[in-house]
Structures are given as structure tokens and as C-alpha cells.
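Content type compact mmCIF, C-alpha atoms, from the file data-v9.txt:
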# COMPACT_ATOMS: atom_id res chain seq x y z
CA MET T 1 -10.80 12.49 18.38
CA GLU T 2 -7.47 14.28 18.46
CA THR T 3 -5.77 14.99 21.76
CA SER T 4 -2.75 16.94 22.82
CA HIS T 5 -0.89 13.81 23.87
CA ALA T 6 2.11 12.84 21.77
CA ASN T 7 1.74 9.70 19.74
CA PRO T 8 3.50 6.68 21.25
CA PRO T 9 6.58 5.47 19.40
CA PRO T 10 5.81 2.84 16.76
CA VAL T 11 6.29 -0.76 17.78
CA ALA T 12 8.59 -2.75 15.52
CA PRO T 13 6.69 -5.57 13.81
CA LYS T 14 7.41 -9.08 15.00
CA PRO T 15 9.43 -10.95 12.35
CA ARG T 16 7.60 -13.83 10.71
CA ASP T 17 8.80 -17.33 11.50
CA ASP T 18 8.84 -20.22 9.04
CA VAL T 19 5.35 -21.39 9.99
CA GLU T 20 3.81 -17.94 9.54
CA SER T 21 5.58 -17.52 6.21
CA ALA T 22 4.25 -20.90 5.04
CA ILE T 23 0.70 -20.05 6.11
CA GLU T 24 0.84 -16.64 4.43
CA ARG T 25 2.29 -18.19 1.28
CA ALA T 26 -0.50 -20.77 1.24
CA LEU T 27 -3.17 -18.08 1.55
CA ILE T 28 -1.65 -16.12 -1.34
CA ASP T 29 -1.50 -19.25 -3.50
CA LEU T 30 -5.10 -20.20 -2.73
CA LEU T 31 -6.36 -16.75 -3.63
CA ASN T 32 -4.39 -16.76 -6.88
CA GLU T 33 -5.51 -20.29 -7.75
CA GLY T 34 -9.12 -19.25 -7.43
CA ALA T 35 -9.92 -22.05 -5.01
CA ASP T 36 -11.97 -19.52 -3.08
CA PRO T 37 -12.88 -16.77 -5.54
CA SER T 38 -13.70 -13.25 -4.42
CA GLY T 39 -17.17 -12.82 -3.08
CA PRO T 40 -19.45 -9.77 -3.22
CA THR T 41 -17.88 -6.37 -3.76
CA GLY T 42 -15.93 -5.28 -0.69
CA ARG T 43 -15.42 -8.76 0.70
CA VAL T 44 -12.90 -11.51 -0.03
CA GLU T 45 -13.97 -15.11 0.46
CA LEU T 46 -11.25 -16.78 2.49
CA PRO T 47 -10.38 -20.47 2.59
CA SER T 48 -11.21 -22.49 5.67
CA VAL T 49 -8.55 -23.20 8.28
CA ARG T 50 -8.60 -26.84 7.15
CA THR T 51 -7.96 -25.88 3.50
CA LEU T 52 -5.25 -23.40 4.43
CA CYS T 53 -3.46 -25.83 6.73
CA ALA T 54 -3.51 -28.55 4.06
CA LYS T 55 -1.99 -26.12 1.56
CA ALA T 56 0.66 -24.94 4.03
CA PHE T 57 1.43 -28.47 5.33
CA VAL T 58 0.89 -27.42 8.93
CA ALA T 59 -1.33 -28.90 11.62
CA ARG T 60 -4.44 -27.02 12.71
CA SER T 61 -3.06 -26.86 16.24
CA THR T 62 0.06 -25.19 14.84
CA PHE T 63 -2.09 -22.69 12.95
CA TYR T 64 -4.00 -21.74 16.09
CA ALA T 65 -0.74 -21.30 17.96
CA HIS T 66 0.00 -18.40 15.59
CA TYR T 67 -3.39 -17.02 14.46
CA HIS T 68 -6.94 -16.87 15.75
CA HIS T 69 -8.55 -17.22 12.31
CA VAL T 70 -7.76 -16.97 8.59
CA GLY T 71 -8.83 -13.33 8.50
CA GLU T 72 -5.95 -12.51 10.83
CA VAL T 73 -3.51 -13.99 8.31
CA LEU T 74 -4.94 -11.74 5.61
CA GLU T 75 -4.86 -8.65 7.81
CA THR T 76 -1.27 -9.31 8.84
CA LEU T 77 -0.31 -9.60 5.16
CA GLU T 78 -2.16 -6.38 4.29
CA ARG T 79 -0.49 -4.42 7.07
CA ARG T 80 2.99 -5.69 6.21
CA LEU T 81 2.69 -4.78 2.54
CA VAL T 82 1.32 -1.30 3.27
CA ARG T 83 3.96 -0.65 5.93
CA ASP T 84 6.76 -1.63 3.56
CA LEU T 85 5.30 0.49 0.75
CA GLU T 86 5.00 3.49 3.03
CA GLU T 87 8.64 3.17 4.04
CA LEU T 88 9.76 2.84 0.42
CA ASN T 89 7.68 5.85 -0.65
CA GLU T 90 9.00 8.16 2.05
CA PRO T 91 10.66 10.37 -0.65
CA LEU T 92 7.18 11.29 -1.89
CA THR T 93 6.72 13.40 1.24
CA VAL T 94 9.61 15.75 0.35
CA ARG T 95 8.97 18.71 -1.87
CA ASP T 96 11.65 21.28 -1.11
CA ALA T 97 15.16 19.98 -1.64
CA ASP T 98 18.49 20.95 -3.12
CA GLY T 99 18.84 19.75 -6.66
CA GLY T 100 15.12 19.78 -7.30
CA ASP T 101 13.33 21.29 -10.23
CA ALA T 102 12.92 24.98 -11.00
CA HIS T 103 10.24 25.25 -8.30
CA GLY T 104 12.28 23.52 -5.59
CA ALA T 105 10.37 20.26 -5.84
CA ALA T 106 12.48 17.17 -5.33
CA ARG T 107 12.29 14.57 -8.07
CA VAL T 108 11.03 11.21 -6.89
CA THR T 109 11.52 7.67 -8.13
CA LEU T 110 9.21 4.69 -7.80
CA MET T 111 11.82 2.19 -8.95
CA PRO T 112 12.35 0.76 -5.42
CA THR T 113 8.58 0.44 -5.08
CA LEU T 114 8.30 -1.36 -8.42
CA ASP T 115 11.13 -3.68 -7.38
CA TYR T 116 9.29 -4.45 -4.13
CA ILE T 117 6.00 -5.14 -5.93
CA ARG T 118 7.85 -7.38 -8.40
CA ALA T 119 9.51 -9.28 -5.53
CA ASN T 120 6.08 -9.74 -3.89
CA GLU T 121 4.13 -10.04 -7.13
CA ASP T 122 2.08 -13.06 -6.07
CA ALA T 123 0.82 -11.23 -2.98
CA PHE T 124 -0.12 -8.09 -4.90
CA ARG T 125 -1.72 -10.17 -7.65
CA ALA T 126 -3.81 -12.00 -5.06
CA LEU T 127 -5.03 -8.81 -3.38
CA LEU T 128 -5.48 -6.63 -6.46
CA VAL T 129 -6.33 -8.99 -9.32
CA SER T 130 -7.29 -12.54 -8.32
CA ALA T 131 -9.42 -11.69 -5.27
CA PRO T 132 -9.62 -7.88 -5.07
CA ASP T 133 -9.38 -6.90 -1.42
CA VAL T 134 -11.10 -3.56 -0.84
CA ARG T 135 -9.72 -3.28 2.70
CA PHE T 136 -6.14 -3.64 1.44
CA ILE T 137 -6.78 -1.14 -1.35
CA GLU T 138 -8.19 1.41 1.10
CA ARG T 139 -5.28 0.89 3.49
CA TRP T 140 -2.80 1.46 0.70
CA LYS T 141 -4.68 4.54 -0.49
CA ASP T 142 -4.73 5.91 3.06
CA ALA T 143 -0.96 5.46 3.27
CA ILE T 144 -0.47 7.33 -0.02
CA LYS T 145 -2.75 10.11 1.21
CA ARG T 146 -0.79 10.44 4.46
CA GLN T 147 2.41 10.89 2.50
CA CYS T 148 0.84 13.36 0.08
CA ARG T 149 -0.47 15.38 3.03
CA LEU T 150 3.07 15.60 4.37
CA ARG T 151 4.20 16.84 0.97
CA MET T 152 1.41 19.43 0.93
CA THR T 153 2.06 20.56 4.51
CA ASP T 154 5.85 20.27 4.60
CA GLY T 155 5.54 17.77 7.42
CA GLY T 156 3.61 20.06 9.74
CA GLY T 157 0.19 19.47 11.17
CA GLU T 158 -1.42 22.24 9.16
CA PRO T 159 -1.26 23.18 5.46
CA ARG T 160 1.60 25.49 4.68
CA THR T 161 0.33 29.06 4.22
CA GLU T 162 3.52 31.00 3.64
CA GLY T 163 5.46 31.00 0.40
CA PRO T 164 3.99 29.86 -2.91
CA ARG T 165 1.53 27.29 -1.51
CA ARG T 166 -1.71 27.53 0.44
CA PRO T 167 -4.38 24.99 1.38
CA THR T 168 -6.96 24.15 -1.24
CA VAL T 169 -10.66 23.58 -0.68
CA ASN T 170 -10.51 20.36 -2.71
CA ARG T 171 -7.46 18.92 -1.01
CA GLU T 172 -9.15 15.62 -0.06
CA LEU T 173 -10.51 15.17 -3.58
CA ILE T 174 -7.02 15.70 -5.01
CA LEU T 175 -5.57 13.15 -2.58
CA GLU T 176 -8.25 10.61 -3.53
CA ILE T 177 -7.45 11.06 -7.22
CA VAL T 178 -3.70 10.64 -6.67
CA ALA T 179 -4.04 7.61 -4.37
CA SER T 180 -6.62 5.87 -6.56
CA SER T 181 -4.50 6.46 -9.64
CA MET T 182 -1.41 4.89 -8.08
CA VAL T 183 -3.27 1.77 -6.95
CA SER T 184 -5.11 1.46 -10.27
CA ALA T 185 -1.85 1.85 -12.18
CA THR T 186 -0.30 -1.00 -10.19
CA THR T 187 -3.33 -3.19 -10.91
CA PHE T 188 -3.07 -2.32 -14.61
CA TRP T 189 0.62 -3.29 -14.57
CA LEU T 190 -0.14 -6.63 -12.90
CA HIS T 191 -2.88 -7.39 -15.44
CA ASP T 192 -0.55 -6.89 -18.40
CA PRO T 193 3.10 -5.90 -17.72
CA SER T 194 3.77 -5.78 -21.47
CA LYS T 195 1.72 -2.58 -21.70
CA VAL T 196 3.92 -0.73 -19.19
CA HIS T 197 7.34 0.69 -20.02
CA GLU T 198 8.89 0.75 -16.55
CA GLN T 199 11.69 3.18 -17.42
CA GLY T 200 9.07 5.83 -18.17
CA VAL T 201 7.23 5.46 -14.87
CA ASP T 202 9.32 8.01 -12.98
CA GLY T 203 8.59 10.66 -15.58
CA ILE T 204 4.87 10.07 -15.16
CA VAL T 205 5.11 10.12 -11.36
CA ASN T 206 7.05 13.37 -11.31
CA THR T 207 4.51 14.94 -13.67
CA VAL T 208 1.70 13.84 -11.35
CA PHE T 209 3.43 15.28 -8.30
CA ALA T 210 4.28 18.50 -10.12
CA ALA T 211 0.54 18.79 -10.81
CA LEU T 212 -0.18 18.01 -7.16
CA ASP T 213 2.12 20.86 -6.11
CA ALA T 214 0.61 23.18 -8.69
CA LEU T 215 -2.96 22.46 -7.61
CA ILE T 216 -2.37 24.06 -4.24
CA VAL T 217 -0.78 27.23 -5.61
CA PRO T 218 -3.21 30.12 -5.01

How does this structure look as C-alpha cells?
Amino acid sequence: METSHANPPPVAPKPRDDVESAIERALIDLLNEGADPSGPTGRVELPSVRTLCAKAFVARSTFYAHYHHVGEVLETLERRLVRDLEELNEPLTVRDADGGDAHGAARVTLMPTLDYIRANEDAFRALLVSAPDVRFIERWKDAIKRQCRLRMTDGGGEPRTEGPRRPTVNRELILEIVASSMVSATTFWLHDPSKVHEQGVDGIVNTVFAALDALIVP
């Protein structure tokens, strides 16, 4: 339920130490190795604490000094990836800008995002391909939707009604299509990078966002 209180300032995430990095790395490797394959749709089968600690070369007591259970390791990984992606994709929220296209829409680039995914490819492969993690996918989609809403509302709390744009009755459907497409495209890229010409990605993205802008023109 919404209230009139201002949101508290975000808390900076605690940096990972060497032990946490080793445990996270071990979880990613186990998921990619298929030691604990994905379970029923919507749920990822996680390794036991014993298996994870053996892979990470840490004692169980050390694990419990950092995490309560293996699921917490996965959730921490999910949140970190989504947070970083949201920061990288901040330009997606800007529509009106100097030097934009004929309609005032700023051109965007996903090259920094692609570089980040490439640098963390094992993690994305684990969560999108090897052991598809529906919770991570929904978190990422929600982040994309938040940024698209900002683009559609010019950063305000309500859809922009003046000028060339007005709210659309199918706004949430449009956001679902855009978010799902971006996540699916990343999964497609991870499955077979040879089928993706990275230098053409920005052209596709700008076409998609031009369509997004156009869909809310009355």
C-alpha cells in the first residue's frame, strides 16, 4: 500500500569478501556443471551446504558465519546482478534529450550492459540457461519495467499527459513484452553467441524503444 512518506535513501550494498566470492563462484559453477539440475518449473534445485562448501574449499562453520542457507547465496547473487544491470541501463529511462532523434528521443546503447553480461557470463548462464531461475528472471523484468515506466512518465509518478504522449490502456502489457523480450534475447545470445551480431544490437534496441514511445502517442 502506498503512503505519503518519502522512501528512505537506498543502503549501499556490503562489498563481498573473499569467502563470499568463493561461495558464490562455487554455486555458479555447480549450477553450470549440472551437479544439481533445475527442478520443476519455477524452482531451482540448489546444492547442499556440504556440496557447496566442498566446491568452495571453505568450512561449513565459515559458510554459516556468512549465510543462513544456500538459498541466501542465490538471492544475494540475483539482487547484485539486477542492481548492477539497473544502474547500467539508467539511460533507458531518458526520452527527451538534446541530440536525440527527430522526436526528441535520446538514443540508447546496450554496449555497457553486454560488456557486463560478458564479464559475468558464467553467472548469467547459470541463471538463464543451465538452471533457469524464474525468480531472477522476474526480478530482472521488474527492473526493466521500472525503467520503462520512468521513460513513459518522464520520471514523475504519473503518466505524462501533456505534449505528444498520454497514458495507454495497455501500458502493463507493453512493459511485459519489452521486458520479456530483453531477457529472452539475452538467453538466446548465451545459447549461441554466433547467431548474434553485437554491433547491430543498439539499432534493434533503439527501434524497440522508438516503438515503445510511439505506442503511447494518442

Quick one: of T:Ala143, T:Leu212, T:Ala65, T:Val196, who's nearest to Ile174 in chain T, counting only C-alpha atoms?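 With only C-alpha atoms as the atom set, the closest residue is T:Leu212.
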
- [ ] Could you tell me which of T:Ser194, T:Thr186, T:Ser21, T:Ser181 comes closest to Thr76 in chain T if we count all atoms listed in the file?
- [x]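 Looking at the shortest contact to Thr76 in chain T, the residue is T:Ser21.
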
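Proximity ranking of T:Leu31, T:Ala54, T:Leu92, T:Leu114 relative to Pro193 in chain T places T:Leu114 first, based on all atoms listed in the file.
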
Counting only C-alpha atoms, find residues at most 12 Å from (-8.6, -20.6, 6.0) (file frame) and give them as number ranges by chain. T: 23-24, 26-31, 35-36, 44-56, 60, 63-64, 67-74

Computed gap from CA of Ile117 in chain T to CA of Arg149 in chain T is 23.3 Å

**Message:** Show me, as a list in words, the residues that have an atom within 10 Å of Leu110 in chain T when counting only C-alpha atoms, minus same-chain residues fewer than 5 positions from it.
**Reply:** Leu88, Asn89, Pro91, Leu92, Asp115, Tyr116, Glu198, Val201, Asp202, Gly203, Val205 and Asn206 of chain T

My structure is short of atoms at range 169-190 of chain T; please model N, CA and C atoms there, returning them as a JSON list (two decimals), in the coordinates of the input.
[["chain", "number", "residue", "atom", "x", "y", "z"],
["T", 169, "VAL", "N", -9.37, 24.07, -1.16],
["T", 169, "VAL", "CA", -10.66, 23.58, -0.68],
["T", 169, "VAL", "C", -10.90, 22.15, -1.11],
["T", 170, "ASN", "N", -10.30, 21.72, -2.20],
["T", 170, "ASN", "CA", -10.51, 20.36, -2.71],
["T", 170, "ASN", "C", -9.33, 19.44, -2.41],
["T", 171, "ARG", "N", -8.65, 19.70, -1.31],
["T", 171, "ARG", "CA", -7.46, 18.92, -1.01],
["T", 171, "ARG", "C", -7.77, 17.43, -0.92],
["T", 172, "GLU", "N", -8.84, 17.04, -0.23],
["T", 172, "GLU", "CA", -9.15, 15.62, -0.06],
["T", 172, "GLU", "C", -9.53, 14.96, -1.39],
["T", 173, "LEU", "N", -10.19, 15.71, -2.26],
["T", 173, "LEU", "CA", -10.51, 15.17, -3.58],
["T", 173, "LEU", "C", -9.23, 14.91, -4.37],
["T", 174, "ILE", "N", -8.29, 15.85, -4.31],
["T", 174, "ILE", "CA", -7.02, 15.70, -5.01],
["T", 174, "ILE", "C", -6.28, 14.47, -4.49],
["T", 175, "LEU", "N", -6.25, 14.30, -3.17],
["T", 175, "LEU", "CA", -5.57, 13.15, -2.58],
["T", 175, "LEU", "C", -6.22, 11.84, -3.01],
["T", 176, "GLU", "N", -7.54, 11.82, -3.08],
["T", 176, "GLU", "CA", -8.25, 10.61, -3.53],
["T", 176, "GLU", "C", -7.89, 10.27, -4.96],
["T", 177, "ILE", "N", -7.81, 11.29, -5.81],
["T", 177, "ILE", "CA", -7.45, 11.06, -7.22],
["T", 177, "ILE", "C", -6.04, 10.50, -7.33],
["T", 178, "VAL", "N", -5.09, 11.09, -6.61],
["T", 178, "VAL", "CA", -3.70, 10.64, -6.67],
["T", 178, "VAL", "C", -3.58, 9.21, -6.15],
["T", 179, "ALA", "N", -4.17, 8.94, -4.98],
["T", 179, "ALA", "CA", -4.04, 7.61, -4.37],
["T", 179, "ALA", "C", -4.71, 6.55, -5.23],
["T", 180, "SER", "N", -5.91, 6.84, -5.72],
["T", 180, "SER", "CA", -6.62, 5.87, -6.56],
["T", 180, "SER", "C", -5.86, 5.59, -7.84],
["T", 181, "SER", "N", -5.25, 6.64, -8.39],
["T", 181, "SER", "CA", -4.50, 6.46, -9.64],
["T", 181, "SER", "C", -3.30, 5.55, -9.44],
["T", 182, "MET", "N", -2.60, 5.70, -8.31],
["T", 182, "MET", "CA", -1.41, 4.89, -8.08],
["T", 182, "MET", "C", -1.77, 3.42, -7.89],
["T", 183, "VAL", "N", -2.85, 3.15, -7.15],
["T", 183, "VAL", "CA", -3.27, 1.77, -6.95],
["T", 183, "VAL", "C", -3.78, 1.17, -8.25],
["T", 184, "SER", "N", -4.57, 1.95, -9.00],
["T", 184, "SER", "CA", -5.11, 1.46, -10.27],
["T", 184, "SER", "C", -4.00, 1.19, -11.28],
["T", 185, "ALA", "N", -2.97, 2.04, -11.26],
["T", 185, "ALA", "CA", -1.85, 1.85, -12.18],
["T", 185, "ALA", "C", -1.11, 0.55, -11.86],
["T", 186, "THR", "N", -0.95, 0.26, -10.58],
["T", 186, "THR", "CA", -0.30, -1.00, -10.19],
["T", 186, "THR", "C", -1.13, -2.19, -10.65],
["T", 187, "THR", "N", -2.44, -2.11, -10.47],
["T", 187, "THR", "CA", -3.33, -3.19, -10.91],
["T", 187, "THR", "C", -3.24, -3.38, -12.42],
["T", 188, "PHE", "N", -3.20, -2.28, -13.15],
["T", 188, "PHE", "CA", -3.07, -2.32, -14.61],
["T", 188, "PHE", "C", -1.77, -3.02, -14.99],
["T", 189, "TRP", "N", -0.69, -2.70, -14.32],
["T", 189, "TRP", "CA", 0.62, -3.29, -14.57],
["T", 189, "TRP", "C", 0.58, -4.81, -14.33],
["T", 190, "LEU", "N", -0.07, -5.21, -13.23],
["T", 190, "LEU", "CA", -0.14, -6.63, -12.90],
["T", 190, "LEU", "C", -1.00, -7.40, -13.92]]
